[in-house]
file final00.cif (mmCIF, C-alpha atoms)
data_structure
#
loop_
_atom_site.label_atom_id
_atom_site.label_comp_id
_atom_site.auth_asym_id
_atom_site.auth_seq_id
_atom_site.Cartn_x
_atom_site.Cartn_y
_atom_site.Cartn_z
CA MET D 1 10.18 10.93 67.86
CA LYS D 2 10.76 7.79 65.96
CA LYS D 3 7.32 8.09 64.46
CA THR D 4 7.97 11.66 63.32
CA TYR D 5 11.31 10.61 61.78
CA ARG D 6 9.71 7.67 60.08
CA PHE D 7 6.91 9.83 58.67
CA SER D 8 9.38 12.39 57.43
CA LEU D 9 11.45 9.67 55.76
CA ILE D 10 8.40 8.21 54.07
CA PHE D 11 7.32 11.68 52.89
CA LEU D 12 10.80 12.35 51.53
CA LEU D 13 10.82 9.06 49.63
CA ILE D 14 7.39 9.77 48.16
CA PHE D 15 8.43 13.34 47.15
CA THR D 16 11.64 12.03 45.57
CA PHE D 17 9.70 9.38 43.61
CA LEU D 18 7.18 11.92 42.30
CA LEU D 19 9.97 14.32 41.33
CA GLY D 20 11.69 11.55 39.42
CA VAL D 21 8.52 10.62 37.57
CA THR D 22 7.91 14.23 36.58
CA ALA D 23 11.46 14.64 35.35
CA CYS D 24 11.27 11.41 33.35
CA GLY D 25 8.00 12.43 31.70
CA SER D 26 9.38 15.79 30.73
CA LYS D 27 12.44 14.25 29.17
CA THR D 28 10.35 11.80 27.17
CA LEU D 29 8.16 14.60 25.73
CA THR D 30 11.20 16.55 24.67
CA ASP D 31 12.70 13.48 23.02
CA LEU D 32 9.46 12.85 21.17
CA GLU D 33 9.31 16.42 19.91
CA THR D 34 12.91 16.22 18.79
CA SER D 35 12.27 12.92 17.07
CA SER D 36 9.22 14.38 15.34
CA GLU D 37 11.19 17.35 14.04
CA ILE D 38 13.93 15.10 12.72
CA THR D 39 11.40 12.84 11.05
CA SER D 40 9.68 15.84 9.45
CA THR D 41 13.00 17.18 8.21
CA GLU D 42 13.96 13.78 6.78
CA GLU D 43 10.60 13.52 4.99
CA THR D 44 10.96 17.05 3.59
CA THR D 45 14.50 16.31 2.45
CA SER D 46 13.30 13.06 0.88
CA THR D 47 10.45 14.87 -0.93
CA GLU D 48 12.75 17.60 -2.24
CA SER D 49 15.22 14.93 -3.35
CA GLU D 50 12.48 13.14 -5.28
CA GLU D 51 11.27 16.39 -6.91
CA THR D 52 14.80 17.36 -7.82
CA SER D 53 15.36 13.95 -9.30
CA ASP D 54 12.38 14.51 -11.58
CA ILE D 55 13.58 17.95 -12.75
CA THR D 56 17.28 17.26 -13.03
CA GLU D 57 17.28 13.71 -14.24
CA GLY D 58 20.57 12.94 -15.89
CA SER D 59 22.57 15.59 -14.00
CA THR D 60 25.96 14.65 -12.64
CA PRO D 61 26.41 13.77 -8.92
CA GLU D 62 28.65 16.79 -8.42
CA SER D 63 25.91 19.17 -9.63
CA SER D 64 22.96 17.49 -7.89
CA GLU D 65 23.35 19.55 -4.70
CA GLU D 66 23.59 22.77 -6.72
CA SER D 67 20.64 21.73 -8.87
CA THR D 68 18.58 21.06 -5.75
CA SER D 69 19.37 24.53 -4.42
CA ASN D 70 18.56 26.20 -7.75
CA SER D 71 15.35 24.24 -8.14
CA SER D 72 14.12 25.21 -4.67
CA ALA D 73 14.95 28.88 -5.21
CA THR D 74 13.80 29.39 -8.81
CA SER D 75 11.45 26.55 -9.71
CA SER D 76 8.60 29.00 -10.39
CA ASP D 77 10.36 31.16 -13.00
CA THR D 78 13.63 29.54 -14.10
CA PRO D 79 14.00 26.12 -15.73
CA SER D 80 16.60 23.80 -14.31
CA ARG D 81 19.99 23.58 -15.95
CA ALA D 82 19.19 20.12 -17.25
CA THR D 83 16.09 21.48 -19.03
CA ASN D 84 18.20 24.18 -20.75
CA ASN D 85 20.71 21.58 -21.84
CA THR D 86 17.94 19.45 -23.32
CA THR D 87 16.51 22.42 -25.27
CA SER D 88 19.92 23.39 -26.55
CA SER D 89 20.61 19.83 -27.60
CA SER D 90 17.28 19.76 -29.44
CA GLN D 91 18.09 23.00 -31.26
CA ASN D 92 21.54 21.79 -32.23
CA THR D 93 20.18 18.58 -33.68
CA SER D 94 17.54 20.35 -35.84
CA PRO D 95 18.46 19.90 -39.52
CA SER D 96 19.48 23.14 -41.28
CA PRO D 97 17.96 23.91 -44.71
CA ASN D 98 19.87 22.28 -47.51
CA PRO D 99 20.91 25.10 -49.89
CA ASN D 100 21.08 22.63 -52.77
CA ASN D 101 17.53 21.41 -52.27
CA PRO D 102 15.51 23.09 -55.06
CA ALA D 103 12.60 23.58 -52.66
CA ASN D 104 14.78 25.98 -50.64
CA VAL D 105 16.14 27.97 -53.62
CA SER D 106 14.60 30.89 -55.51
CA VAL D 107 15.67 32.66 -58.71
CA ILE D 108 14.83 36.37 -58.89
CA LEU D 109 15.01 38.52 -62.04
CA SER D 110 15.32 42.29 -61.56
CA LEU D 111 14.44 44.50 -64.53
CA ASN D 112 16.37 47.71 -65.08
CA ARG D 113 13.35 49.64 -66.35
CA ARG D 114 9.77 49.27 -65.08
CA CYS D 115 7.02 51.86 -65.48
CA VAL D 116 5.81 53.25 -62.14
CA TYR D 117 2.26 53.49 -63.56
CA THR D 118 1.86 50.00 -64.97
CA GLY D 119 4.66 47.96 -63.39
CA LYS D 120 5.63 46.82 -66.90
CA GLY D 121 8.95 47.21 -68.61
CA VAL D 122 8.70 49.66 -71.54
CA TYR D 123 11.07 49.48 -74.49
CA LYS D 124 11.24 50.47 -78.15
CA VAL D 125 11.77 48.05 -80.98
CA GLY D 126 15.50 47.66 -81.48
CA GLU D 127 16.46 48.32 -77.87
CA THR D 128 18.45 45.84 -75.80
CA ASP D 129 18.79 45.43 -72.04
CA PHE D 130 19.27 42.71 -69.41
CA PHE D 131 17.80 41.25 -66.25
CA LYS D 132 19.87 41.07 -63.08
CA ILE D 133 19.75 37.44 -61.88
CA GLU D 134 19.85 36.70 -58.15
CA ILE D 135 19.82 33.24 -56.56
CA HIS D 136 18.79 32.90 -52.91
CA PRO D 137 20.51 31.66 -50.83
CA GLN D 138 23.66 32.91 -52.49
CA ASN D 139 25.65 29.71 -52.07
CA ALA D 140 22.94 27.57 -53.66
CA THR D 141 23.01 25.92 -57.06
CA ILE D 142 19.91 25.27 -59.14
CA ASN D 143 19.03 24.59 -62.75
CA TYR D 144 16.76 27.25 -64.27
CA GLU D 145 15.54 28.50 -67.62
CA ILE D 146 14.43 32.04 -68.53
CA ILE D 147 11.51 31.99 -70.97
CA SER D 148 9.94 34.66 -73.20
CA SER D 149 6.28 34.05 -74.01
CA ASN D 150 6.84 35.42 -77.52
CA PRO D 151 10.42 35.25 -78.85
CA ASN D 152 9.29 37.05 -82.02
CA VAL D 153 8.60 40.15 -79.91
CA LEU D 154 11.44 39.75 -77.39
CA SER D 155 14.21 37.19 -77.42
CA ILE D 156 16.06 36.47 -74.17
CA ASN D 157 19.29 34.67 -73.34
CA GLN D 158 20.04 32.60 -70.26
CA ASP D 159 22.42 35.27 -68.95
CA GLY D 160 19.42 37.64 -68.71
CA SER D 161 20.20 39.78 -71.78
CA PHE D 162 17.36 40.42 -74.23
CA SER D 163 16.55 42.14 -77.51
CA CYS D 164 13.29 43.82 -78.53
CA LYS D 165 12.30 42.77 -82.05
CA ALA D 166 8.66 43.78 -82.61
CA SER D 167 5.77 45.55 -80.91
CA GLY D 168 3.70 43.68 -78.34
CA GLU D 169 3.67 42.48 -74.73
CA VAL D 170 5.57 39.46 -73.45
CA ASP D 171 5.67 37.58 -70.16
CA ILE D 172 9.10 36.71 -68.84
CA SER D 173 9.09 33.56 -66.68
CA VAL D 174 11.62 31.48 -64.78
CA LYS D 175 11.39 27.68 -64.90
CA THR D 176 13.02 25.72 -62.05
CA PRO D 177 12.49 22.23 -60.58
CA ASN D 178 9.95 23.93 -58.28
CA GLY D 179 7.80 24.99 -61.24
CA THR D 180 7.41 28.00 -63.51
CA HIS D 181 6.55 31.48 -62.24
CA LYS D 182 6.07 34.77 -64.08
CA SER D 183 8.71 37.37 -63.29
CA SER D 184 7.91 40.42 -65.42
CA VAL D 185 5.82 41.83 -68.25
CA ILE D 186 7.56 43.85 -70.96
CA ARG D 187 5.80 46.13 -73.40
CA VAL D 188 7.67 46.68 -76.65
CA ILE D 189 6.64 49.70 -78.70
CA ASN D 190 7.09 50.41 -82.38
CA VAL D 191 6.89 54.21 -82.51
CA ASN D 192 6.19 54.13 -86.27
CA GLU D 193 3.14 51.91 -85.67
CA PHE D 194 1.95 54.28 -82.94
CA ALA D 195 2.38 57.23 -85.29
CA ALA D 196 0.41 55.51 -88.07
CA GLU D 197 -2.41 54.76 -85.61
CA VAL D 198 -2.57 58.42 -84.57
CA VAL D 199 -2.92 59.38 -88.23
CA ARG D 200 -5.75 56.88 -88.71
CA LEU D 201 -7.66 58.05 -85.62
CA THR D 202 -7.15 61.70 -86.54
CA ASN D 203 -8.69 61.14 -89.96
CA ILE D 204 -11.67 59.38 -88.36
CA GLU D 205 -12.33 62.58 -86.43
CA ARG D 206 -12.00 64.74 -89.57
CA VAL D 207 -14.45 62.55 -91.47
CA LYS D 208 -16.99 63.02 -88.67
CA PHE D 209 -16.95 66.72 -89.56
CA SER D 210 -17.12 66.12 -93.33
CA LEU D 211 -13.45 67.01 -93.85
CA PRO D 212 -11.07 65.16 -96.18
CA PRO D 213 -8.50 62.88 -94.54
CA LEU D 214 -4.92 64.04 -94.19
CA SER D 215 -2.04 62.32 -95.96
CA GLY D 216 0.74 60.91 -93.85
CA SER D 217 3.03 60.19 -96.77
CA ASP D 218 5.45 63.10 -96.52
CA SER D 219 8.66 61.55 -95.20
CA LYS D 220 10.25 64.89 -94.32
CA LEU D 221 7.22 65.89 -92.28
CA ASN D 222 7.22 62.54 -90.45
CA THR D 223 10.93 62.85 -89.67
CA ALA D 224 10.44 66.44 -88.44
CA ALA D 225 7.62 65.25 -86.16
CA MET D 226 9.87 62.55 -84.67
CA VAL D 227 12.58 65.18 -84.09
CA ARG D 228 10.07 67.36 -82.29
CA ALA D 229 8.84 64.44 -80.16
CA THR D 230 12.37 63.83 -78.93
CA GLU D 231 12.85 67.56 -78.29
CA THR D 232 9.72 67.72 -76.14
CA THR D 233 11.21 65.09 -73.81
CA ILE D 234 13.85 67.74 -73.10
CA LEU D 235 11.68 70.88 -73.24
CA TYR D 236 7.93 70.42 -73.28
CA SER D 237 7.03 73.53 -75.25
CA HIS D 238 6.10 74.78 -78.71
CA THR D 239 9.49 76.46 -78.66
CA ARG D 240 12.40 74.24 -79.63
CA PRO D 241 15.33 73.77 -77.22
CA ASP D 242 17.38 76.16 -79.42
CA GLY D 243 14.64 78.81 -79.13
CA ARG D 244 13.20 78.51 -82.68
CA ARG D 245 9.66 77.86 -83.84
CA PRO D 246 8.52 74.22 -84.23
CA GLY D 247 8.10 74.49 -88.00
CA THR D 248 11.85 74.98 -88.41
CA ALA D 249 12.29 71.24 -87.75
CA TYR D 250 10.58 70.67 -91.11
CA GLN D 251 12.47 73.49 -92.79
CA ASP D 252 15.80 72.07 -91.59
CA LEU D 253 15.00 69.02 -93.74
CA GLY D 254 14.31 71.08 -96.85
CA GLY D 255 10.63 71.88 -96.30
CA GLU D 256 9.48 75.30 -97.45
CA ARG D 257 6.35 75.74 -95.35
CA ASP D 258 5.67 76.52 -91.72
CA CYS D 259 3.65 74.00 -89.69
CA GLY D 260 0.88 73.92 -87.15
CA GLU D 261 1.67 71.76 -84.12
CA ASN D 262 -0.11 69.78 -81.42
CA ILE D 263 1.87 68.27 -78.52
CA ALA D 264 0.84 66.06 -75.62
CA GLN D 265 2.51 64.39 -72.68
CA GLY D 266 1.69 61.34 -70.56
CA GLN D 267 -0.90 59.43 -72.61
CA LEU D 268 -0.02 55.75 -73.02
CA THR D 269 -1.82 54.92 -76.28
CA PRO D 270 -2.74 56.56 -79.60
CA GLU D 271 -6.44 56.31 -78.64
CA SER D 272 -5.98 58.23 -75.42
CA VAL D 273 -3.88 61.01 -76.95
CA VAL D 274 -6.28 61.69 -79.85
CA ASP D 275 -9.18 61.71 -77.41
CA THR D 276 -7.31 64.22 -75.24
CA TRP D 277 -6.64 66.51 -78.20
CA MET D 278 -10.26 66.39 -79.32
CA ARG D 279 -11.38 67.47 -75.84
CA SER D 280 -9.17 70.57 -76.04
CA GLU D 281 -10.57 73.39 -78.19
CA GLY D 282 -7.25 74.68 -79.54
CA HIS D 283 -5.89 71.24 -80.42
CA LYS D 284 -9.23 70.27 -81.94
CA GLN D 285 -9.12 73.28 -84.26
CA ASN D 286 -5.69 72.23 -85.56
CA ILE D 287 -6.98 68.72 -86.27
CA LEU D 288 -10.07 70.06 -88.06
CA THR D 289 -8.37 72.83 -90.11
CA PRO D 290 -10.08 72.55 -93.54
CA GLY D 291 -7.12 73.66 -95.70
CA ASP D 292 -4.49 71.27 -94.32
CA THR D 293 -3.51 68.38 -96.56
CA HIS D 294 -0.68 66.52 -94.77
CA ILE D 295 0.16 65.36 -91.26
CA GLY D 296 3.33 64.13 -89.62
CA VAL D 297 3.26 62.35 -86.25
CA GLY D 298 6.11 61.80 -83.82
CA VAL D 299 6.21 59.61 -80.68
CA ASP D 300 8.91 59.24 -78.05
CA PHE D 301 9.19 58.62 -74.33
CA SER D 302 11.56 59.53 -71.51
CA VAL D 303 12.73 57.22 -68.75
CA GLU D 304 13.69 58.64 -65.37
CA ARG D 305 14.23 56.80 -62.10
CA SER D 306 11.36 57.38 -59.67
CA ASP D 307 11.31 57.51 -55.87
CA PHE D 308 9.88 53.97 -55.76
CA GLY D 309 12.81 51.57 -55.80
CA ASP D 310 13.45 49.99 -59.20
CA TYR D 311 10.45 51.67 -60.83
CA TYR D 312 10.82 54.42 -63.41
CA ASN D 313 8.75 57.34 -64.61
CA VAL D 314 8.04 56.51 -68.25
CA GLU D 315 6.52 59.55 -69.95
CA PHE D 316 5.22 59.41 -73.50
CA TYR D 317 5.43 62.50 -75.74
CA TRP D 318 3.29 62.98 -78.83
CA VAL D 319 3.53 65.48 -81.69
CA GLN D 320 1.34 66.32 -84.69
CA LEU D 321 2.60 68.61 -87.46
CA PHE D 322 0.10 69.98 -90.05
CA ILE D 323 0.87 71.63 -93.39
CA THR D 324 -0.84 72.51 -96.64
CA LEU D 325 0.88 71.28 -99.80
CA ASP D 326 -0.21 71.98 -103.40
#

call {"tool": "encode", "arguments": {"input": "final00.cif", "output": "structure tokens"}}
result
Amino acid sequence: MKKTYRFSLIFLLIFTFLLGVTACGSKTLTDLETSSEITSTEETTSTESEETSDITEGSTPESSEESTSNSSATSSDTPSRATNNTTSSSQNTSPSPNPNNPANVSVILSLNRRCVYTGKGVYKVGETDFFKIEIHPQNATINYEIISSNPNVLSINQDGSFSCKASGEVDISVKTPNGTHKSSVIRVINVNEFAAEVVRLTNIERVKFSLPPLSGSDSKLNTAAMVRATETTILYSHTRPDGRRPGTAYQDLGGERDCGENIAQGQLTPESVVDTWMRSEGHKQNILTPGDTHIGVGVDFSVERSDFGDYYNVEFYWVQLFITLD
């Protein structure tokens, strides 16, 4: 009996010891796992703190926690607030263009009348007009000079106004501290010179056919031709705007004869208009009429605004009047 009791007591002590060892080992494993998780979390937190420090360097302590959260959530597509502040600061400190620095200022001259075909201004001798002057930017100041390449043909003032004095072409330029650049080309026409050239070219054609040259000395006939040229800018026809025949323009000035007439529209030079007439059978016959002795020539042009901005339709009109005088 005592042996059985003693054996049972020994067995109980051994069982209790083993149970205690097992329980102790289990608790130690759990503690180690918990310690590992805490260590991992601390390392992760430390890493994120270091990364956030790199991104949001210079942020205030109050915003560091918010910056950390934003950086973790949006680091792939949204810059941190500190980065935005840096960019904004950089933009604000960029120097703005100085409007009084000549390198930043331009002077633009706008011409009231430019031909849509050539891009040139077209004026008659004796006409006046002006350039519109624009300075960009508007609040800038700059010294400039407006220059005509030939003041004998066209004289220009520094307010942009100009006067056409003689036939020819001139370049209009603007001189600033940045240099000199060409703004426009203006063609000045003397209609009397054009008319005289048409007479000369017409007589060259008559001589080719063994015909005597025509005289262009009749002042009434020349005046009547100029009247008719102006009328054709209104009504392009051999009928006058008042419904009468073209020869009545000469008769209104005291002439006693009727006239033959050639008209043309659109040619830019005396050479081109005479060539056009000579290529047309009816006009050619008028030029080569054997019995005619005198010729009057008229030239004019119309100016109408086109559909292309500041460009204009500049149409030339040409007239020849032929008569026979004793």

call {"tool": "resolve_selection", "arguments": {"input": "final00.cif", "expression": "the PyMOL selection byres ((chain D and resi 112) around 12)", "output": "list in words"}}
result
Leu109, Ser110, Leu111, Arg113, Arg114, Cys115, Gly119, Lys120, Gly121, Val122, Tyr123, Thr128, Asp129, Phe130, Phe131, Lys132, Ile133, Gly160, Ser161, Phe162, Ser184, Ile186, Val303, Glu304, Arg305, Gly309, Asp310, Tyr311 and Tyr312 of chain D

call {"tool": "write_last_selection", "arguments": {"input": "final00.cif", "atoms": "C-alpha atoms", "output": "mmCIF file, in the coordinates of the input"}}
result
data_model
loop_
_atom_site.group_PDB
_atom_site.id
_atom_site.type_symbol
_atom_site.label_atom_id
_atom_site.label_comp_id
_atom_site.auth_asym_id
_atom_site.auth_seq_id
_atom_site.Cartn_x
_atom_site.Cartn_y
_atom_site.Cartn_z
ATOM 1 C CA LEU D 109 15.010 38.520 -62.040
ATOM 2 C CA SER D 110 15.320 42.290 -61.560
ATOM 3 C CA LEU D 111 14.440 44.500 -64.530
ATOM 4 C CA ARG D 113 13.350 49.640 -66.350
ATOM 5 C CA ARG D 114 9.770 49.270 -65.080
ATOM 6 C CA CYS D 115 7.020 51.860 -65.480
ATOM 7 C CA GLY D 119 4.660 47.960 -63.390
ATOM 8 C CA LYS D 120 5.630 46.820 -66.900
ATOM 9 C CA GLY D 121 8.950 47.210 -68.610
ATOM 10 C CA VAL D 122 8.700 49.660 -71.540
ATOM 11 C CA TYR D 123 11.070 49.480 -74.490
ATOM 12 C CA THR D 128 18.450 45.840 -75.800
ATOM 13 C CA ASP D 129 18.790 45.430 -72.040
ATOM 14 C CA PHE D 130 19.270 42.710 -69.410
ATOM 15 C CA PHE D 131 17.800 41.250 -66.250
ATOM 16 C CA LYS D 132 19.870 41.070 -63.080
ATOM 17 C CA ILE D 133 19.750 37.440 -61.880
ATOM 18 C CA GLY D 160 19.420 37.640 -68.710
ATOM 19 C CA SER D 161 20.200 39.780 -71.780
ATOM 20 C CA PHE D 162 17.360 40.420 -74.230
ATOM 21 C CA SER D 184 7.910 40.420 -65.420
ATOM 22 C CA ILE D 186 7.560 43.850 -70.960
ATOM 23 C CA VAL D 303 12.730 57.220 -68.750
ATOM 24 C CA GLU D 304 13.690 58.640 -65.370
ATOM 25 C CA ARG D 305 14.230 56.800 -62.100
ATOM 26 C CA GLY D 309 12.810 51.570 -55.800
ATOM 27 C CA ASP D 310 13.450 49.990 -59.200
ATOM 28 C CA TYR D 311 10.450 51.670 -60.830
ATOM 29 C CA TYR D 312 10.820 54.420 -63.410
#

call {"tool": "residues_around", "arguments": {"input": "final00.cif", "residues": "Tyr117 (chain D)", "least_positions_apart": "6", "cutoff": "12 Å", "atoms": "all atoms listed in the file", "output": "PDB file with C-alpha atoms, keeping the file's coordinate frame"}}
result
ATOM      1  CA  GLY D 266       1.690  61.340 -70.560  1.00  0.00           C
ATOM      2  CA  GLN D 267      -0.900  59.430 -72.610  1.00  0.00           C
ATOM      3  CA  LEU D 268      -0.020  55.750 -73.020  1.00  0.00           C
ATOM      4  CA  SER D 306      11.360  57.380 -59.670  1.00  0.00           C
ATOM      5  CA  PHE D 308       9.880  53.970 -55.760  1.00  0.00           C
ATOM      6  CA  TYR D 311      10.450  51.670 -60.830  1.00  0.00           C
ATOM      7  CA  TYR D 312      10.820  54.420 -63.410  1.00  0.00           C
ATOM      8  CA  ASN D 313       8.750  57.340 -64.610  1.00  0.00           C
ATOM      9  CA  VAL D 314       8.040  56.510 -68.250  1.00  0.00           C
ATOM     10  CA  GLU D 315       6.520  59.550 -69.950  1.00  0.00           C
ATOM     11  CA  PHE D 316       5.220  59.410 -73.500  1.00  0.00           C
TER      12      PHE D 316
END

call {"tool": "residues_around", "arguments": {"input": "final00.cif", "residues": "Leu221 (chain D)", "least_positions_apart": "2", "cutoff": "9 Å", "atoms": "all atoms listed in the file", "output": "list in words"}}
result
Gly216, Ser217, Asp218, Ser219, Thr223, Ala224, Ala225, Met226, Ala249, Tyr250, Leu253, Gly255, His294, Ile295, Gly296, Val297, Leu321, Phe322 and Ile323 of chain D

call {"tool": "atom_distance", "arguments": {"input": "final00.cif", "atom1": "CA of Ala264 (chain D)", "atom2": "CA of Val319 (chain D)"}}
result
6.7 Å

call {"tool": "atom_distance", "arguments": {"input": "final00.cif", "atom1": "CA of Lys165 (chain D)", "atom2": "CA of Val125 (chain D)"}}
result
5.4 Å

call {"tool": "closest_residue", "arguments": {"input": "final00.cif", "among": "D:Lys124, D:Arg206, D:Lys175, D:Lys220", "to": "Gly254 (chain D)", "atoms": "all atoms listed in the file"}}
result
D:Lys220

call {"tool": "atom_distance", "arguments": {"input": "final00.cif", "atom1": "CA of Arg257 (chain D)", "atom2": "CA of Ser215 (chain D)"}}
result
15.8 Å

call {"tool": "residues_around", "arguments": {"input": "final00.cif", "residues": "region 229-235 of chain D", "least_positions_apart": "5", "cutoff": "9 Å", "atoms": "all atoms listed in the file", "output": "VMD selection string"}}
result
chain D and resid 224 240 to 241 263 265 297 to 302 315 to 320

call {"tool": "closest_residue", "arguments": {"input": "final00.cif", "among": "D:Asn190, D:Asn203, D:Ser173, D:Ser163", "to": "Ser149 (chain D)", "atoms": "all atoms listed in the file"}}
result
D:Ser173

call {"tool": "residues_around", "arguments": {"input": "final00.cif", "residues": "Tyr144 (chain D)", "least_positions_apart": "6", "cutoff": "9 Å", "atoms": "only C-alpha atoms", "output": "compact mmCIF listing (two decimals) with C-alpha atoms, keeping the file's coordinate frame"}}
result
# COMPACT_ATOMS: atom_id res chain seq x y z
CA VAL D 107 15.67 32.66 -58.71
CA GLN D 158 20.04 32.60 -70.26
CA VAL D 174 11.62 31.48 -64.78
CA LYS D 175 11.39 27.68 -64.90
CA THR D 176 13.02 25.72 -62.05
CA PRO D 177 12.49 22.23 -60.58

call {"tool": "closest_residue", "arguments": {"input": "final00.cif", "among": "D:His181, D:Arg187, D:His238, D:His136", "to": "Thr269 (chain D)", "atoms": "only C-alpha atoms"}}
result
D:Arg187

call {"tool": "resolve_selection", "arguments": {"input": "final00.cif", "expression": "the PyMOL selection byres ((chain D and resi 201) around 12)", "output": "count of residues only"}}
result
27

call {"tool": "decode", "arguments": {"input": "final00.cif", "residues": "region 145-157 of chain D", "atoms": "N, CA, C and O atoms", "output": "tab-separated table (two decimals), in the first residue's frame"}}
result
chain	number	residue	atom	x	y	z
D	145	GLU	N	12.68	105.16	-84.16
D	145	GLU	CA	12.67	106.10	-85.28
D	145	GLU	C	12.07	105.40	-86.50
D	145	GLU	O	12.44	104.28	-86.83
D	146	ILE	N	11.13	106.08	-87.17
D	146	ILE	CA	10.52	105.55	-88.39
D	146	ILE	C	11.28	106.15	-89.58
D	146	ILE	O	11.45	107.37	-89.67
D	147	ILE	N	11.71	105.27	-90.49
D	147	ILE	CA	12.61	105.70	-91.57
D	147	ILE	C	12.01	105.35	-92.93
D	147	ILE	O	11.53	104.23	-93.14
D	148	SER	N	12.04	106.30	-93.86
D	148	SER	CA	11.70	106.06	-95.26
D	148	SER	C	13.00	105.89	-96.05
D	148	SER	O	13.94	106.67	-95.89
D	149	SER	N	13.05	104.83	-96.87
D	149	SER	CA	14.28	104.59	-97.63
D	149	SER	C	14.51	105.64	-98.71
D	149	SER	O	15.64	105.79	-99.18
D	150	ASN	N	13.47	106.38	-99.09
D	150	ASN	CA	13.63	107.44	-100.08
D	150	ASN	C	12.66	108.58	-99.75
D	150	ASN	O	11.52	108.59	-100.22
D	151	PRO	N	13.10	109.55	-98.96
D	151	PRO	CA	12.22	110.66	-98.58
D	151	PRO	C	11.75	111.49	-99.77
D	151	PRO	O	10.75	112.21	-99.66
D	152	ASN	N	12.45	111.42	-100.91
D	152	ASN	CA	12.01	112.16	-102.09
D	152	ASN	C	10.75	111.55	-102.70
D	152	ASN	O	9.99	112.23	-103.39
D	153	VAL	N	10.55	110.25	-102.46
D	153	VAL	CA	9.34	109.58	-102.93
D	153	VAL	C	8.25	109.65	-101.87
D	153	VAL	O	7.08	109.94	-102.16
D	154	LEU	N	8.62	109.37	-100.63
D	154	LEU	CA	7.65	109.38	-99.52
D	154	LEU	C	8.34	109.90	-98.27
D	154	LEU	O	9.35	109.35	-97.84
D	155	SER	N	7.81	110.97	-97.73
D	155	SER	CA	8.34	111.51	-96.48
D	155	SER	C	7.43	111.08	-95.33
D	155	SER	O	6.20	111.08	-95.47
D	156	ILE	N	8.04	110.71	-94.20
D	156	ILE	CA	7.26	110.20	-93.07
D	156	ILE	C	7.66	110.90	-91.79
D	156	ILE	O	8.84	111.25	-91.60
D	157	ASN	N	6.68	111.16	-90.95
D	157	ASN	CA	6.90	111.80	-89.65
D	157	ASN	C	6.90	110.75	-88.55
D	157	ASN	O	6.44	109.62	-88.74
